[in-house]
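Data block below; observations after.
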Amino acid sequence: MNIEDVIEKLKESLGDALLNYEIREYEMGIRRKRKLYEVWAEIDRLAFRKAVETIFSLDYPHLHLISGEDNGGDIIKMIYSFGVFYSNPGGEISITLKFDLSKDSLILPTITDLMPGAETNEREIREMLGIEFEGLKNKRHLFLPDDWPEGKYPWRRDEYGVEDMIKHTHKSVKEIRKKGEGNA
């Protein structure tokens, strides 16, 4: 299966929920040059589970990462990256799914029933961004102390108020003090 087949499968499965996509091609190697391909697909958040199941229908994927980005507005951008065909040297294709979650509805289905190894990533995103994963069994913190205040999420740009919390690492201490946005 090649990159065009992967795109066709996503189109067939997701229809209009595949909002747009981009294929990226890289040349690697010095003596034995080979091409590697990535698909970057923006999807409707309601099609997330279907998109993941489609990837699983291609090949059992390798989970590269699950991440979230809060740019300070009402949206958290979710990013899931998988690799398929990794058992075929030089034939791996990366598939990255991007979609927006409204801060009013930070709920996603877990993928741990398909891929138990996703638990660590989902737990991290849950405690750092406040996204709830329906069906996630283990909800203990990974990085924050057990007595961490409920409803406080360190990676959220709209988060303030937890004493001694290293906050807003995307801003300098000088900038925070100047704007009076919090204790530094």
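Each chain in the structure tokens gets a letter, A, B, ..., in the order shown, and its residues are numbered from 1; ligands are numbered from 1 in order too.
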
**Study point:** DSSP-assigned helix (DSSP H, G or I) among stretch 18-153 of chain A, expressed as a PyMOL selection string
**Key:** chain A and resi 45-58+116-129

Please write the residues from the selection above to a file, keeping C-alpha atoms, as a short mmCIF file (atom, residue, chain, number, x, y, z; two decimals), in the first residue's frame.
data_model
loop_
_atom_site.label_atom_id
_atom_site.label_comp_id
_atom_site.auth_asym_id
_atom_site.auth_seq_id
_atom_site.Cartn_x
_atom_site.Cartn_y
_atom_site.Cartn_z
CA ARG A 45 -13.33 16.17 15.84
CA LEU A 46 -16.48 14.02 15.69
CA ALA A 47 -14.70 11.72 13.21
CA PHE A 48 -11.67 11.19 15.47
CA ARG A 49 -12.47 7.61 16.53
CA LYS A 50 -13.41 6.62 12.98
CA ALA A 51 -10.12 8.07 11.68
CA VAL A 52 -8.13 6.07 14.24
CA GLU A 53 -10.04 2.89 13.39
CA THR A 54 -9.30 3.53 9.71
CA ILE A 55 -5.59 3.75 10.48
CA PHE A 56 -5.85 0.46 12.39
CA SER A 57 -7.52 -1.13 9.34
CA LEU A 58 -4.41 -0.30 7.28
CA PRO A 116 -3.04 -0.08 25.48
CA GLY A 117 0.24 1.86 25.17
CA ALA A 118 -1.73 5.08 24.59
CA GLU A 119 -2.62 5.18 28.28
CA THR A 120 0.47 7.13 29.33
CA ASN A 121 -0.10 9.80 26.67
CA GLU A 122 -3.79 10.14 27.50
CA ARG A 123 -3.07 10.43 31.22
CA GLU A 124 -0.50 13.15 30.56
CA ILE A 125 -2.88 15.15 28.33
CA ARG A 126 -5.67 14.70 30.88
CA GLU A 127 -3.67 16.10 33.78
CA MET A 128 -1.89 18.86 31.84
CA LEU A 129 -4.69 20.14 29.57
#

Exercise for review: List the neighbours of A:Asp44 out to 10 Å using only C-alpha atoms; skip same-chain residues closer than 3 positions along the sequence, and give me the result as a count of residues only.
Suggested key: 15

Exercise for review: Would you mind listing what lies within 12 Å of A:Val39 as a ChimeraX atom specification, with only C-alpha atoms counted and same-chain residues fewer than 6 positions away left out?
Suggested key: /A:2-8,10,18,20-26,55,80-84,92-98

Keeping C-alpha atoms, export the residues of the selection given above as a tab-separated table (two decimals), in the first residue's frame.
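Below you can see out_23.tsv, which holds the result:
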chain	number	residue	atom	x	y	z
A	2	ASN	CA	1.40	3.39	-0.95
A	3	ILE	CA	0.69	6.95	0.17
A	4	GLU	CA	-2.07	7.45	-2.42
A	5	ASP	CA	-3.83	4.29	-1.19
A	6	VAL	CA	-3.67	5.60	2.38
A	7	ILE	CA	-5.24	8.91	1.31
A	8	GLU	CA	-7.99	7.10	-0.63
A	10	LEU	CA	-9.05	8.03	4.62
A	18	LEU	CA	-11.57	14.85	6.22
A	20	ASN	CA	-8.00	18.83	4.31
A	21	TYR	CA	-4.72	17.01	4.03
A	22	GLU	CA	-1.15	17.46	2.93
A	23	ILE	CA	1.38	14.87	1.79
A	24	ARG	CA	4.99	15.54	2.75
A	25	GLU	CA	7.85	13.67	1.14
A	26	TYR	CA	11.38	13.40	2.50
A	55	ILE	CA	-5.59	3.75	10.48
A	80	TYR	CA	-2.19	12.40	17.11
A	81	SER	CA	0.67	10.93	15.10
A	82	PHE	CA	0.90	7.29	14.01
A	83	GLY	CA	3.24	5.27	11.83
A	84	VAL	CA	2.01	2.41	9.64
A	92	GLU	CA	6.75	3.50	6.87
A	93	ILE	CA	4.12	6.19	6.39
A	94	SER	CA	3.40	8.67	9.15
A	95	ILE	CA	-0.20	9.78	9.57
A	96	THR	CA	-0.83	12.84	11.71
A	97	LEU	CA	-4.39	13.75	12.66
A	98	LYS	CA	-5.15	17.31	13.77

Exercise for review: Using backbone DSSP assignments, extract all strand (DSSP E) residues from chain A; output them as a PyMOL selection string.
Suggested key: chain A and resi 18-28+34-43+62-70+75-84+93-102+107-109+132-134

**Study point:** Point-to-point distance from atom CA of A:Phe85 to atom CA of A:Lys33, Å rounded to tenths
**Key:**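 A separation of 18.2 Å between them.
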
Go through stretch 69-109 of chain A and flag each residue having an atom no more than 12 Å from stretch 136-144 of chain A; for those, report the closest pair of atoms plus their distance in Å to one decimal, using only C-alpha atoms, ordered by chain and rising number, as JSON lines.
{"residue": "A:Ile107", "atom": "CA", "partner": "A:Leu136", "partner_atom": "CA", "distance": 11.3}
{"residue": "A:Leu108", "atom": "CA", "partner": "A:Leu136", "partner_atom": "CA", "distance": 9.9}
{"residue": "A:Pro109", "atom": "CA", "partner": "A:Leu136", "partner_atom": "CA", "distance": 8.1}
